[in-house]
Amino acid sequence: MTQTLATQSDAVHLERTLELAERGRGRTSPNPLVGAVVVRDGHAIGEGHHAGPGCPHAEPAALADCFEDPDGATLYVSLEPCAHRGRTPPCVEAILAAGIRRVVVASDDPSAKASGRGPELLRAEGVEVEWAEARLAHAARLLNQPFRKHARTGRPLVVLKSALTLDGKVATRAGDSRWISSEASRARVHALRAEVDAVAIGIGTALADDPQLTARPGDGEPIGQPWRVVFDSHARLPLDSVLVRSAGGVPVLVVCSPDAPISARDALAAAGVEVLVVEGDDETARVAQALSELGERGIQSLVLEGGPRLAGAFLDAGEIDAMLAFIAPVLAGGGEARSVLEGRGVEAIADARRAVSVEVEPIGDDTCIHARFREW
Ligand code: AOF
Ligand code: ZN
């Protein structure tokens, strides 16, 4: 696939496609966020975005929105147009039928059924196809990190979320952690839970906190509820826990090892919990296996909420893609107080995972650090 770079004047319209794509946030999984604009003589004549599975893709949505005939116009789109017939007809057909002469694309679609086929088809039909410059292409790829990782690896994107004290503790020496972060930070986490496909914790945290793990954003109904996943090798999650008792409403999945007693597994299953048995000699191997199984169930994004042992196993498995750290201006101290990550860790700092990008944002009294360790 030859790549021609779009010009500076295209940047404004491409930026707009990214803004439009954002409108689908939290609603499109397993589909990506996509925005599109139809432009004639430098002016937008139609706009659209993908609103979710089964809804029109961004391109036909933008074409349908046109208040002038799009024949001969340019189409800007944040993701390469598809050539496959899925829940909706192929976008290339709609683009050709509308008489679009030029298509400017911000990012590739790495899924097997796409991977350049749409742009190639358009070119073969005489449509000019151009690609965005690096900065916009990067911004467009960042919109769809869960979709991209899942398309390339079959596993969900993992974001480790943690509230920690300024001295790096996630609880006091007695295990108290309510509340380290401010109300504003906690509201942000609830909004994030509503956007992702799954939230995961370890059995230690489940036993200590008896959490709900649902999305309860302060500003009304959440967009959706994530799968609630508990890594629980021996199937110890109590039947009277908040999680199990609410499994009928918001699904709960327990990941256990073949060593878990059959009776405990059966009791959980009878209570409406989905039980996933994964093989693997240690927790690290089981993490990798479990992520593949979750990916097969269509889970593209997972927020890992602790505790330190499970999070350490994820790090050791090389499966932490990003971290959201809510750092509170408090000191807990204590050699016994736990920090974010246990597991094996690394010996030399030279071997430590280093972020490829970092964003810092004050939230309430806290500082939120969003570090990305790899991009897809
Ligand atoms: C586009 N424009 O706006 C989106 C695309 O089952 P379907 O028909 O909804 O197809 C979903 C797939 O289409 C999805 O996995 C991704 O590869 C692509 N998404 N493509 O041209 C869009 N949302
Ligand atoms: Zn499409």
# chains A, B, ... in the order shown; residues from 1 in each chain; ligands from 1
call {"tool": "closest_atom_pairs", "arguments": {"of": "chain A", "to": "ligand 2", "cutoff": "12 Å", "atoms": "only C-alpha atoms and all ligand atoms", "output": "Markdown table"}}
result
| residue | atom | partner | partner_atom_place_in_ligand_line | distance |
| --- | --- | --- | --- | --- |
| A:Asn31 | CA | ligand 2 | 1 (Zn) | 10.2 |
| A:Pro32 | CA | ligand 2 | 1 (Zn) | 10.4 |
| A:Leu33 | CA | ligand 2 | 1 (Zn) | 11.4 |
| A:Val34 | CA | ligand 2 | 1 (Zn) | 9.3 |
| A:Gly35 | CA | ligand 2 | 1 (Zn) | 10.9 |
| A:Ala36 | CA | ligand 2 | 1 (Zn) | 10.9 |
| A:His49 | CA | ligand 2 | 1 (Zn) | 10.8 |
| A:His50 | CA | ligand 2 | 1 (Zn) | 9.1 |
| A:Gly52 | CA | ligand 2 | 1 (Zn) | 11.8 |
| A:Pro53 | CA | ligand 2 | 1 (Zn) | 11.1 |
| A:Gly54 | CA | ligand 2 | 1 (Zn) | 11.0 |
| A:Cys55 | CA | ligand 2 | 1 (Zn) | 10.4 |
| A:Pro56 | CA | ligand 2 | 1 (Zn) | 7.8 |
| A:His57 | CA | ligand 2 | 1 (Zn) | 5.0 |
| A:Ala58 | CA | ligand 2 | 1 (Zn) | 7.1 |
| A:Glu59 | CA | ligand 2 | 1 (Zn) | 6.8 |
| A:Pro60 | CA | ligand 2 | 1 (Zn) | 7.8 |
| A:Ala61 | CA | ligand 2 | 1 (Zn) | 10.0 |
| A:Ala62 | CA | ligand 2 | 1 (Zn) | 11.6 |
| A:Val77 | CA | ligand 2 | 1 (Zn) | 10.3 |
| A:Ser78 | CA | ligand 2 | 1 (Zn) | 11.3 |
| A:Leu79 | CA | ligand 2 | 1 (Zn) | 8.9 |
| A:Glu80 | CA | ligand 2 | 1 (Zn) | 8.1 |
| A:Pro81 | CA | ligand 2 | 1 (Zn) | 5.1 |
| A:Cys82 | CA | ligand 2 | 1 (Zn) | 4.1 |
| A:Ala83 | CA | ligand 2 | 1 (Zn) | 6.8 |
| A:His84 | CA | ligand 2 | 1 (Zn) | 7.5 |
| A:Arg85 | CA | ligand 2 | 1 (Zn) | 8.4 |
| A:Gly86 | CA | ligand 2 | 1 (Zn) | 8.6 |
| A:Arg87 | CA | ligand 2 | 1 (Zn) | 9.6 |
| A:Thr88 | CA | ligand 2 | 1 (Zn) | 7.5 |
| A:Pro89 | CA | ligand 2 | 1 (Zn) | 7.2 |
| A:Pro90 | CA | ligand 2 | 1 (Zn) | 5.3 |
| A:Cys91 | CA | ligand 2 | 1 (Zn) | 4.1 |
| A:Val92 | CA | ligand 2 | 1 (Zn) | 7.3 |
| A:Glu93 | CA | ligand 2 | 1 (Zn) | 9.3 |
| A:Ala94 | CA | ligand 2 | 1 (Zn) | 9.0 |
| A:Ile95 | CA | ligand 2 | 1 (Zn) | 9.8 |
| A:Asp109 | CA | ligand 2 | 1 (Zn) | 10.3 |
| A:Lys113 | CA | ligand 2 | 1 (Zn) | 10.9 |
| A:Ala114 | CA | ligand 2 | 1 (Zn) | 9.3 |
| A:Arg117 | CA | ligand 2 | 1 (Zn) | 11.4 |
| A:Gly118 | CA | ligand 2 | 1 (Zn) | 8.7 |
| A:Pro119 | CA | ligand 2 | 1 (Zn) | 11.3 |
call {"tool": "select_by_dssp", "arguments": {"residues": "stretch 40-130 of chain A", "states": "helix (DSSP H, G or I)", "output": "list of chain:residue names"}}
result
A:Ala58, A:Glu59, A:Pro60, A:Ala61, A:Ala62, A:Leu63, A:Ala64, A:Cys91, A:Val92, A:Glu93, A:Ala94, A:Ile95, A:Leu96, A:Ala97, A:Ala98, A:Arg117, A:Gly118, A:Pro119, A:Glu120, A:Leu121, A:Leu122, A:Arg123, A:Ala124
call {"tool": "select_by_dssp", "arguments": {"residues": "stretch 158-338 of chain A", "states": "strand (DSSP E or B)", "output": "MDAnalysis selection string"}}
result
chainID A and resid 158:165 169 198:202 227:231 252:256 274:277 301:304 322:328
call {"tool": "write_last_selection", "arguments": {"atoms": "N, CA and C atoms", "output": "compact mmCIF listing (two decimals), in the first residue's frame"}}
result
# COMPACT_ATOMS: atom_id res chain seq x y z
N VAL A 158 -4.89 -3.71 28.74
CA VAL A 158 -4.95 -3.69 30.20
C VAL A 158 -4.46 -2.34 30.73
N VAL A 159 -5.34 -1.68 31.49
CA VAL A 159 -4.96 -0.43 32.15
C VAL A 159 -4.98 -0.67 33.65
N LEU A 160 -3.82 -0.54 34.27
CA LEU A 160 -3.74 -0.69 35.73
C LEU A 160 -4.17 0.63 36.36
N LYS A 161 -5.18 0.55 37.21
CA LYS A 161 -5.64 1.77 37.89
C LYS A 161 -5.32 1.63 39.37
N SER A 162 -4.73 2.69 39.92
CA SER A 162 -4.40 2.60 41.33
C SER A 162 -4.50 3.96 42.01
N ALA A 163 -5.02 3.95 43.23
CA ALA A 163 -5.00 5.16 44.06
C ALA A 163 -3.86 4.93 45.04
N LEU A 164 -2.90 5.84 45.10
CA LEU A 164 -1.78 5.63 45.99
C LEU A 164 -1.39 6.89 46.74
N THR A 165 -0.73 6.68 47.87
CA THR A 165 -0.27 7.82 48.65
C THR A 165 0.99 8.38 47.99
N LYS A 169 2.08 4.00 48.67
CA LYS A 169 1.35 2.90 49.31
C LYS A 169 -0.10 2.85 48.81
N ALA A 198 -14.33 -4.69 30.86
CA ALA A 198 -14.17 -5.50 32.08
C ALA A 198 -13.34 -4.77 33.13
N VAL A 199 -13.63 -5.12 34.39
CA VAL A 199 -12.85 -4.62 35.52
C VAL A 199 -12.38 -5.87 36.26
N ALA A 200 -11.10 -5.91 36.64
CA ALA A 200 -10.59 -7.12 37.29
C ALA A 200 -9.91 -6.81 38.62
N ILE A 201 -10.08 -7.75 39.56
CA ILE A 201 -9.36 -7.69 40.84
C ILE A 201 -8.90 -9.10 41.20
N GLY A 202 -8.04 -9.18 42.22
CA GLY A 202 -7.60 -10.46 42.74
C GLY A 202 -8.50 -10.86 43.90
N TRP A 227 -17.92 -6.24 32.59
CA TRP A 227 -17.82 -7.56 33.20
C TRP A 227 -16.99 -7.38 34.46
N ARG A 228 -17.33 -8.09 35.53
CA ARG A 228 -16.54 -8.02 36.75
C ARG A 228 -15.77 -9.34 36.86
N VAL A 229 -14.45 -9.23 36.85
CA VAL A 229 -13.61 -10.42 36.77
C VAL A 229 -12.79 -10.55 38.06
N VAL A 230 -12.82 -11.74 38.67
CA VAL A 230 -12.02 -11.97 39.87
C VAL A 230 -11.02 -13.08 39.58
N PHE A 231 -9.75 -12.79 39.76
CA PHE A 231 -8.71 -13.82 39.64
C PHE A 231 -8.64 -14.53 40.98
N VAL A 252 -20.47 -11.64 36.45
CA VAL A 252 -19.23 -11.84 37.19
C VAL A 252 -18.55 -13.07 36.59
N LEU A 253 -17.24 -12.97 36.40
CA LEU A 253 -16.47 -14.10 35.89
C LEU A 253 -15.34 -14.38 36.86
N VAL A 254 -15.21 -15.62 37.29
CA VAL A 254 -14.13 -16.01 38.19
C VAL A 254 -13.11 -16.83 37.40
N VAL A 255 -11.86 -16.40 37.48
CA VAL A 255 -10.79 -17.13 36.81
C VAL A 255 -10.11 -18.00 37.85
N CYS A 256 -10.19 -19.31 37.70
CA CYS A 256 -9.53 -20.17 38.68
C CYS A 256 -8.62 -21.18 37.99
N GLU A 274 -19.89 -16.90 36.03
CA GLU A 274 -19.22 -17.66 34.97
C GLU A 274 -17.83 -18.07 35.49
N VAL A 275 -17.55 -19.36 35.42
CA VAL A 275 -16.27 -19.84 35.94
C VAL A 275 -15.37 -20.23 34.79
N LEU A 276 -14.18 -19.63 34.78
CA LEU A 276 -13.22 -19.89 33.71
C LEU A 276 -12.01 -20.59 34.32
N VAL A 277 -11.75 -21.81 33.88
CA VAL A 277 -10.60 -22.55 34.42
C VAL A 277 -9.43 -22.37 33.47
N SER A 301 -11.10 -4.35 26.44
CA SER A 301 -10.43 -3.45 27.39
C SER A 301 -10.72 -3.93 28.80
N LEU A 302 -9.70 -3.84 29.65
CA LEU A 302 -9.84 -4.32 31.01
C LEU A 302 -9.11 -3.35 31.94
N VAL A 303 -9.82 -2.90 32.97
CA VAL A 303 -9.17 -2.07 33.99
C VAL A 303 -8.83 -2.98 35.15
N LEU A 304 -7.55 -3.00 35.48
CA LEU A 304 -7.06 -3.85 36.57
C LEU A 304 -7.01 -2.99 37.82
N ALA A 322 -0.96 0.21 30.14
CA ALA A 322 -0.98 1.60 30.61
C ALA A 322 -1.31 1.60 32.09
N MET A 323 -0.99 2.73 32.74
CA MET A 323 -1.35 2.86 34.15
C MET A 323 -1.96 4.22 34.39
N LEU A 324 -3.03 4.21 35.18
CA LEU A 324 -3.63 5.45 35.66
C LEU A 324 -3.38 5.49 37.15
N ALA A 325 -2.48 6.37 37.58
CA ALA A 325 -2.16 6.46 39.00
C ALA A 325 -2.78 7.73 39.56
N PHE A 326 -3.62 7.57 40.57
CA PHE A 326 -4.19 8.74 41.26
C PHE A 326 -3.38 8.92 42.53
N ILE A 327 -2.50 9.91 42.50
CA ILE A 327 -1.58 10.09 43.62
C ILE A 327 -2.13 11.14 44.58
N ALA A 328 -2.38 10.71 45.81
CA ALA A 328 -2.97 11.60 46.81
C ALA A 328 -1.86 12.23 47.65
call {"tool": "closest_residue", "arguments": {"among": "A:Ala332, A:Cys66, A:Ala44, A:Asp108", "to": "ligand 1", "atoms": "only C-alpha atoms and all ligand atoms"}}
result
A:Asp108
